[in-house]
Structure formats: structure tokens, C-alpha cells
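Asks: entry08.cif is the file, holding mmCIF, C-alpha atoms:
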data_structure
loop_
_atom_site.label_atom_id
_atom_site.label_comp_id
_atom_site.auth_asym_id
_atom_site.auth_seq_id
_atom_site.Cartn_x
_atom_site.Cartn_y
_atom_site.Cartn_z
CA MET A 1 11.84 30.06 7.93
CA ARG A 2 11.51 27.26 10.48
CA ILE A 3 10.10 24.13 8.87
CA VAL A 4 9.10 20.79 10.38
CA VAL A 5 9.05 17.82 7.99
CA CYS A 6 7.12 14.75 9.08
CA VAL A 7 8.85 11.60 7.86
CA LYS A 8 8.15 7.91 8.28
CA HIS A 9 10.22 4.73 8.37
CA VAL A 10 8.49 2.20 6.12
CA PRO A 11 9.28 -1.30 4.79
CA GLU A 12 11.03 -1.24 1.42
CA LEU A 13 8.68 -1.96 -1.47
CA GLU A 14 10.61 -5.06 -2.51
CA SER A 15 10.95 -6.49 1.01
CA ASP A 16 8.85 -9.30 2.46
CA ARG A 17 6.33 -7.36 4.52
CA ALA A 18 4.88 -8.91 7.63
CA PHE A 19 2.89 -8.24 10.80
CA ASP A 20 3.93 -9.28 14.28
CA THR A 21 1.72 -11.17 16.72
CA SER A 22 0.08 -7.89 17.78
CA GLY A 23 -0.99 -7.10 14.22
CA ARG A 24 1.62 -4.36 13.81
CA THR A 25 3.91 -3.87 10.84
CA VAL A 26 7.37 -5.36 11.31
CA ARG A 27 9.97 -2.62 10.85
CA THR A 28 13.71 -3.24 10.85
CA VAL A 29 16.64 -1.05 9.81
CA GLU A 30 17.78 -3.66 7.30
CA ASN A 31 14.47 -3.95 5.41
CA SER A 32 13.05 -0.45 5.86
CA THR A 33 13.80 3.02 4.58
CA LEU A 34 12.67 6.63 4.56
CA ASN A 35 9.24 6.83 2.94
CA GLU A 36 9.86 7.74 -0.70
CA VAL A 37 7.44 10.68 -0.90
CA ASP A 38 8.82 12.07 2.35
CA GLU A 39 12.15 12.51 0.54
CA ASN A 40 10.35 15.02 -1.69
CA ALA A 41 9.02 16.79 1.40
CA VAL A 42 12.53 17.01 2.87
CA GLU A 43 13.93 18.31 -0.41
CA GLU A 44 11.22 20.97 -0.65
CA ALA A 45 11.92 22.07 2.92
CA LEU A 46 15.62 22.40 2.16
CA GLN A 47 14.87 24.53 -0.90
CA LEU A 48 12.56 26.81 1.12
CA ARG A 49 14.73 27.00 4.25
CA GLY A 50 16.81 30.05 3.40
CA GLU A 51 18.54 31.16 6.60
CA GLY A 52 16.10 29.15 8.70
CA GLU A 53 15.96 25.62 10.04
CA VAL A 54 14.60 22.26 8.91
CA ILE A 55 13.56 19.77 11.60
CA ALA A 56 12.76 16.17 10.69
CA LEU A 57 10.08 14.62 12.91
CA THR A 58 9.02 10.98 13.12
CA LEU A 59 7.00 8.65 15.34
CA GLY A 60 7.94 5.01 15.68
CA PRO A 61 10.04 2.40 17.48
CA ALA A 62 13.82 2.58 17.75
CA PRO A 63 14.54 1.58 14.11
CA ALA A 64 12.56 4.64 12.92
CA ALA A 65 15.57 6.78 13.88
CA ASP A 66 17.03 5.64 10.56
CA ALA A 67 14.46 7.79 8.71
CA LEU A 68 15.60 10.85 10.67
CA ARG A 69 19.25 10.16 9.92
CA ARG A 70 18.47 9.83 6.22
CA ALA A 71 16.67 13.17 6.33
CA MET A 72 19.63 14.75 8.14
CA ALA A 73 22.02 13.26 5.59
CA MET A 74 20.03 15.13 2.95
CA GLY A 75 20.48 18.36 4.92
CA ALA A 76 17.90 18.59 7.73
CA ASP A 77 19.36 20.44 10.72
CA GLN A 78 18.01 18.19 13.45
CA GLY A 79 15.83 15.17 14.11
CA VAL A 80 13.08 14.64 16.69
CA HIS A 81 12.04 11.06 17.45
CA LEU A 82 8.76 10.29 19.22
CA CYS A 83 9.65 6.93 20.69
CA ASP A 84 7.68 5.33 23.50
CA GLU A 85 5.91 2.02 24.01
CA ALA A 86 2.84 4.16 24.71
CA PHE A 87 2.77 5.05 20.99
CA ALA A 88 2.69 1.39 19.88
CA GLY A 89 -0.49 0.54 18.02
CA SER A 90 -1.39 4.16 17.20
CA ASP A 91 -3.78 4.53 14.29
CA TYR A 92 -3.95 7.56 11.97
CA GLY A 93 -5.69 9.67 14.58
CA GLY A 94 -3.22 8.82 17.34
CA THR A 95 -0.28 9.45 15.04
CA ALA A 96 -1.61 12.88 14.04
CA ARG A 97 -2.29 13.70 17.70
CA ALA A 98 1.27 12.83 18.76
CA LEU A 99 2.88 14.67 15.84
CA ALA A 100 0.77 17.75 16.59
CA ALA A 101 1.82 17.70 20.25
CA ALA A 102 5.48 17.57 19.21
CA ILE A 103 5.06 20.42 16.71
CA ASN A 104 3.31 22.52 19.34
CA ARG A 105 6.22 21.90 21.71
CA LEU A 106 8.71 22.92 18.99
CA HIS A 107 6.58 25.97 18.22
CA ALA A 108 6.72 27.00 21.89
CA GLN A 109 10.52 26.96 21.66
CA ALA A 110 10.58 29.01 18.44
CA PRO A 111 7.81 29.62 15.88
CA VAL A 112 7.25 26.83 13.35
CA ASP A 113 6.19 28.52 10.11
CA LEU A 114 5.53 25.52 7.89
CA VAL A 115 4.83 21.81 8.33
CA LEU A 116 5.58 19.62 5.31
CA ALA A 117 4.80 15.94 4.69
CA GLY A 118 4.62 13.49 1.84
CA MET A 119 1.07 13.02 0.58
CA THR A 120 1.03 9.37 1.67
CA ALA A 121 3.09 6.67 3.35
CA LEU A 122 3.83 3.74 1.09
CA ASP A 123 3.19 1.12 3.78
CA GLY A 124 -0.48 1.91 4.40
CA LEU A 125 -1.38 4.41 1.63
CA GLY A 126 -3.90 6.05 3.95
CA SER A 127 -3.13 9.61 2.77
CA VAL A 128 -5.01 11.08 5.74
CA VAL A 129 -2.39 11.93 8.38
CA PRO A 130 -1.40 15.34 6.91
CA THR A 131 -5.06 16.42 6.85
CA MET A 132 -5.67 15.17 10.39
CA LEU A 133 -2.46 16.83 11.53
CA ALA A 134 -3.63 20.19 10.16
CA ALA A 135 -6.91 19.74 12.03
CA GLU A 136 -5.08 18.92 15.29
CA LEU A 137 -2.88 22.00 14.86
CA ASP A 138 -5.80 24.17 13.73
CA ARG A 139 -3.73 25.37 10.77
CA PRO A 140 -4.77 25.80 7.12
CA TYR A 141 -3.94 22.84 4.89
CA LEU A 142 -2.89 22.51 1.25
CA GLY A 143 -2.73 18.92 0.02
CA VAL A 144 -1.41 16.94 -2.95
CA VAL A 145 0.80 19.85 -4.00
CA HIS A 146 3.18 19.54 -6.95
CA ARG A 147 4.42 23.14 -7.03
CA LEU A 148 5.00 25.31 -3.97
CA GLN A 149 6.07 28.91 -3.46
CA VAL A 150 6.37 31.01 -0.32
CA GLU A 151 6.41 34.79 -0.53
CA GLY A 152 6.50 36.60 2.76
CA ARG A 153 3.74 35.03 4.86
CA GLU A 154 1.80 33.69 1.87
CA VAL A 155 1.96 30.12 0.57
CA ARG A 156 0.99 29.51 -3.04
CA ALA A 157 0.54 26.03 -4.43
CA VAL A 158 -0.50 24.21 -7.59
CA ARG A 159 -2.12 20.79 -7.54
CA GLU A 160 -3.94 18.42 -9.88
CA VAL A 161 -7.31 17.17 -8.63
CA ASP A 162 -9.46 14.96 -10.91
CA ALA A 163 -7.65 16.26 -14.01
CA VAL A 164 -8.27 19.86 -12.93
CA THR A 165 -5.36 22.18 -12.16
CA GLU A 166 -5.97 24.19 -9.01
CA HIS A 167 -4.05 27.28 -7.87
CA VAL A 168 -4.52 27.68 -4.13
CA SER A 169 -2.99 29.85 -1.45
CA THR A 170 -3.07 30.46 2.27
CA SER A 171 -1.09 32.24 4.96
CA LEU A 172 1.57 30.93 7.30
CA PRO A 173 1.68 29.02 9.55
CA ALA A 174 0.31 26.17 7.45
CA VAL A 175 0.50 22.43 6.74
CA VAL A 176 1.32 21.21 3.21
CA SER A 177 1.52 17.70 1.76
CA VAL A 178 3.49 17.21 -1.45
CA THR A 179 3.56 14.70 -4.29
CA ASP A 180 6.53 12.84 -5.72
CA VAL A 181 6.71 15.13 -8.77
CA ILE A 182 7.28 18.39 -6.90
CA ASN A 183 11.07 17.98 -7.14
CA VAL A 184 13.94 15.54 -7.51
CA PRO A 185 15.38 14.73 -4.06
CA ARG A 186 19.12 15.18 -3.72
CA PHE A 187 21.32 12.14 -3.16
CA PRO A 188 23.36 12.51 0.05
CA LYS A 189 27.14 12.42 -0.21
CA TYR A 190 29.08 9.83 1.75
CA ASN A 191 30.46 12.41 4.18
CA ASP A 192 26.94 13.71 4.86
CA ILE A 193 25.68 10.17 5.54
CA MET A 194 28.50 9.52 7.99
CA ALA A 195 28.01 12.90 9.69
CA ALA A 196 24.28 12.23 10.13
CA ARG A 197 25.03 8.95 11.88
CA GLY A 198 26.92 10.81 14.58
CA LYS A 199 24.34 13.52 15.23
CA GLU A 200 22.32 13.35 18.43
CA LEU A 201 18.56 13.01 18.10
CA THR A 202 15.97 14.59 20.36
CA VAL A 203 13.78 11.83 21.79
CA TRP A 204 10.42 12.58 23.41
CA ASN A 205 7.94 10.22 25.04
CA ALA A 206 4.20 10.58 25.44
CA ALA A 207 4.38 12.03 28.95
CA GLU A 208 6.81 14.74 27.84
CA LEU A 209 4.27 15.77 25.20
CA GLY A 210 1.46 15.88 27.73
CA LEU A 211 -0.36 12.95 26.13
CA ALA A 212 -2.48 10.59 28.22
CA THR A 213 -2.48 6.84 27.78
CA ASP A 214 -5.78 6.88 25.88
CA ASP A 215 -4.68 9.70 23.56
CA VAL A 216 -2.34 7.49 21.53
CA GLY A 217 -1.32 3.87 21.12
CA ALA A 218 -3.63 0.89 20.99
CA ALA A 219 -5.71 2.28 23.87
CA GLY A 220 -6.55 5.42 21.93
CA ALA A 221 -6.98 3.78 18.52
CA ARG A 222 -10.37 3.85 16.83
CA THR A 223 -9.34 1.10 14.41
CA ALA A 224 -7.92 -2.38 14.97
CA THR A 225 -6.35 -5.14 12.90
CA ALA A 226 -8.93 -7.92 12.67
CA GLY A 227 -6.48 -10.46 11.27
CA THR A 228 -3.55 -11.00 8.95
CA GLN A 229 -2.30 -13.71 6.65
CA PRO A 230 0.70 -14.01 4.33
CA ARG A 231 0.26 -13.08 0.70
CA PRO A 232 -0.31 -16.25 -1.39
CA PRO A 233 2.77 -17.28 -3.37
CA ARG A 234 2.72 -16.37 -7.03
CA ALA A 235 2.07 -19.19 -9.46
CA GLU A 236 4.91 -20.22 -11.74
CA PRO A 237 4.68 -18.36 -15.08
CA VAL A 238 3.47 -20.27 -18.10
CA VAL A 239 5.78 -19.82 -21.09
CA ILE A 240 4.32 -20.50 -24.52
CA THR A 241 6.86 -21.02 -27.30
CA ASP A 242 6.38 -21.03 -31.02
CA ASP A 243 8.90 -23.77 -31.79
CA ASP A 244 6.32 -25.82 -33.70
CA GLY A 245 4.33 -22.90 -35.06
CA ASP A 246 1.37 -23.58 -32.76
CA ALA A 247 1.78 -20.78 -30.18
CA GLY A 248 -1.62 -19.35 -31.08
CA ALA A 249 -3.35 -22.69 -30.52
CA GLN A 250 -1.54 -23.18 -27.21
CA LEU A 251 -2.61 -19.73 -26.01
CA ALA A 252 -6.22 -20.32 -27.07
CA GLN A 253 -6.31 -23.68 -25.27
CA TYR A 254 -4.80 -22.10 -22.13
CA LEU A 255 -7.51 -19.41 -22.06
CA ILE A 256 -10.30 -21.91 -22.73
CA GLU A 257 -9.20 -24.15 -19.87
CA ARG A 258 -9.19 -21.21 -17.43
CA ASP A 259 -12.35 -19.44 -18.66
CA PHE A 260 -11.35 -16.52 -20.83
CA ALA A 261 -14.01 -14.26 -19.25
CA GLU A 262 -12.18 -14.43 -15.89
CA THR A 263 -8.62 -14.08 -17.18
CA ARG A 264 -8.89 -11.21 -19.63
#
Mind turning the file's structure into C-alpha cells?
Replies:
Amino acid sequence: MRIVVCVKHVPELESDRAFDTSGRTVRTVENSTLNEVDENAVEEALQLRGEGEVIALTLGPAPAADALRRAMAMGADQGVHLCDEAFAGSDYGGTARALAAAINRLHAQAPVDLVLAGMTALDGLGSVVPTMLAAELDRPYLGVVHRLQVEGREVRAVREVDAVTEHVSTSLPAVVSVTDVINVPRFPKYNDIMAARGKELTVWNAAELGLATDDVGAAGARTATAGTQPRPPRAEPVVITDDDGDAGAQLAQYLIERDFAETR
């Protein structure tokens, strides 16, 4: 089975996130990593691969190559990087359009049976790119999957939607997004990490994918960043001690001064 896994390079959850002067997320190798849920997608692809091939695919500036190398350290066979200034400023629609063009090009080389992705990216939490990607590819889509099985040309999945367990199926080729409970991603060994660093990546630009200037990037975006501002610093914590046996009174006075109805 030939599987493409869409991965994303995102700021680490504990890092100081920021936007540049163009309203775009600042991404560096030092403070970013492979999107956590995409690790589950890579792991699922590796388990389903059999005698086939797993291709990690990402869109982003030069530092995004780190996400591909992390996927290859886990076991992906190759990495494809969509890297071009023309992609800068792409919204969800532009991203899905570019990823679809790359998958179609890979499919022309050899059939792509399955496209996997994490259900969301932890930088924006949009959770819409896998669905839009399926629409661009005109392939059936199974989303928010926490159990996946492929038998022949049939894909069977289990998912939880509004506390209801759904058993769904479709035929290949298909697009599937997975949750973070579908598996436990493997931890790459040191030798695998070092080997992945030396592997050559396939890099494609917009023109090579047949994409026009207004298909992707800021020119093709239907959304825009209206403005940004740093997150306000957290207030120093208030510690109430019971050294004099009056902790309850101190707490009550604290709540009264700050209007209990707003702080509860």
C-alpha cells in the first residue's frame, strides 16, 4: 500500500508563540516540532504499510523540513517538501489546494492508495484541512478516527461523535484523519534520527505543481489576519497561608474584593 501522510511543523506548546510583521506564525527549528497528532498519523501509516511505501508530505518554509525528518526518523520512506515563497500566507483552502496538487503528482508516478493526517494542527486548531483536502482530491473522507482497518480495497473505521460510536467504511483511495488515541507513536532510535538527517528531500514549488499565483499564498487566501498582540502576562499567584488560622477569612476577603460572581 502506498500511503501519503500530511504532516505539519508547528510551534511547541510551551514555546513563546508569535507572529511576524506580515501576521504569519513565526516558525523556527529550535522552537517548533512535528505536530503531535501527526505523529499518530505517521505511526498508523507505518502499521498499515506492509510491503508498500509511506511518504511524508508538508507545506511550509525551510524550517518545516524538520517535520519531514522527524517522520522519516520514525520510519517514513521519503519526504516531500512544498517550499516556495508563493505558498507564504496560504490559508486553509490554499494549503489543501497545494497538498492535493502534490498528492496528484505523486499519484501520477505511482498510485496513492491512502492519505492520512492528524485531525488537527495544534497551532491553529482549525481541523478543516483534511476535509478540504478530500474535497480537492475528490476522494471519500473518514474523519476523527480512533480505530482503522484496511482489508483489500475497503477501509473500516471507528470514531466517537457527540458521545455516539460510529462504525464507518469506504473504499480506497480515501482520505482519513486520525485522533491522538488511535495508537502510541514509536520513539525513534538515535541511529534512525541521524540517518533521517542525511536523507535527501524532494522539494517542489508552486509552478512545478501547476499552481497559479492566485491559487495559493496570500493572493489566493480568503481569510486575513486583522491584527495581533502579545498575550497579556499572567498575574503573580496569590498564596493564602493558614499560619494564623485565618485562611478561610483571607480567602473570603479576596473573593469579596474581586466580586465573587466574576471569579467563580
Asks: Tell me, as an MDAnalysis selection string, which residues lie within 9 Å of A:Thr223, counting only C-alpha atoms; anything in the same chain fewer than 4 positions away does not count.
Replies: chainID A and resid 90:92 218
Asks: Generate a file of the selected residues that holds C-alpha atoms, formatted as an mmCIF file, in the coordinates of the input.
Replies:
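Writing the result to part.cif gives the following:
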data_model
loop_
_atom_site.group_PDB
_atom_site.id
_atom_site.type_symbol
_atom_site.label_atom_id
_atom_site.label_comp_id
_atom_site.auth_asym_id
_atom_site.auth_seq_id
_atom_site.Cartn_x
_atom_site.Cartn_y
_atom_site.Cartn_z
ATOM 1 C CA SER A 90 -1.390 4.160 17.200
ATOM 2 C CA ASP A 91 -3.780 4.530 14.290
ATOM 3 C CA TYR A 92 -3.950 7.560 11.970
ATOM 4 C CA ALA A 218 -3.630 0.890 20.990
#
Asks: Evaluating the PyMOL selection byres ((chain A and resi 36) around 8) on the displayed file yields which residues, as a list in words?
Replies: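 Taken over the shown coordinates, the PyMOL selection byres ((chain A and resi 36) around 8) returns Leu34, Asn35, Val37, Asp38, Glu39, Asn40, Ala121, Leu122 and Asp180 of chain A.
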Asks: Give as JSON, numbers by chain the residues that the PyMOL selection byres ((chain A and resi 43-48) around 12) matches when applied to the coordinates above.
Replies: {"A": [1, 2, 3, 4, 5, 6, 7, 36, 37, 38, 39, 40, 41, 42, 49, 50, 51, 52, 53, 54, 55, 56, 70, 71, 72, 73, 74, 75, 76, 77, 113, 114, 115, 116, 117, 118, 145, 146, 147, 148, 149, 150, 151, 152, 155, 176, 177, 178, 179, 180, 181, 182, 183, 184, 185, 186, 187, 188]}
Asks: Could you state the separation of atom CA of A:Gly220 and atom CA of A:Glu85 in Å, given to one decimal place?
Replies: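 For atom CA of A:Gly220 relative to atom CA of A:Glu85, the distance reads 13.1 Å.
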Asks: Expand the PyMOL selection byres ((chain A and resi 83) around 8) into the explicit residue set it covers here, and present it as a list in words.
Replies: Leu59, Gly60, Pro61, Ala62, His81, Leu82, Asp84, Glu85, Phe87, Val203, Trp204 and Asn205 of chain A
Asks: Save out the residues we just selected, C-alpha atoms, as a short mmCIF file (atom, residue, chain, number, x, y, z; two decimals), in the coordinates of the input.
Replies:
data_model
loop_
_atom_site.label_atom_id
_atom_site.label_comp_id
_atom_site.auth_asym_id
_atom_site.auth_seq_id
_atom_site.Cartn_x
_atom_site.Cartn_y
_atom_site.Cartn_z
CA LEU A 59 7.00 8.65 15.34
CA GLY A 60 7.94 5.01 15.68
CA PRO A 61 10.04 2.40 17.48
CA ALA A 62 13.82 2.58 17.75
CA HIS A 81 12.04 11.06 17.45
CA LEU A 82 8.76 10.29 19.22
CA ASP A 84 7.68 5.33 23.50
CA GLU A 85 5.91 2.02 24.01
CA PHE A 87 2.77 5.05 20.99
CA VAL A 203 13.78 11.83 21.79
CA TRP A 204 10.42 12.58 23.41
CA ASN A 205 7.94 10.22 25.04
#
Asks: Please measure the separation of atom CA of A:Thr33 and atom CA of A:Pro11, giving the value in Å to one decimal.
Replies: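 Going from atom CA of A:Thr33 over to atom CA of A:Pro11 covers 6.3 Å.
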Asks: As an exercise, work out the distance from atom CA of A:Gly124 to atom CA of A:Glu12 in Å and give it to one decimal place.
Replies: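 So the answer is 12.3 Å.
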Asks: Leaving out A:Ala134 and any residue of its chain fewer than 6 positions from it, which residues lie within 12 Å of it when counting all atoms listed in the file, given as an MDAnalysis selection string?
Replies: chainID A and resid 93 96:97 99:101 103:104 114:117 128 140:143 173:177
Asks: Using all atoms listed in the file for the distances, tell me which of A:Ile256, A:Leu201, A:Leu137, A:Ala196 is nearest to A:Leu57.
Replies: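 So, comparing all the options, the nearest one is A:Leu201.
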Asks: Measuring atom to atom with only C-alpha atoms, identify which of A:Gly248, A:Pro63, A:Gly198, A:Gly89 is nearest to A:Val216.
Replies: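 Going through A:Gly248, A:Pro63, A:Gly198, A:Gly89 one by one, the smallest distance to A:Val216 is for A:Gly89.
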Asks: Using all atoms listed in the file, find the one residue out of A:Ala98, A:Leu209, A:Leu68, A:Ala88 that sits nearest to A:Glu136.
Replies: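 Going through A:Ala98, A:Leu209, A:Leu68, A:Ala88 one by one, the smallest distance to A:Glu136 is for A:Ala98.
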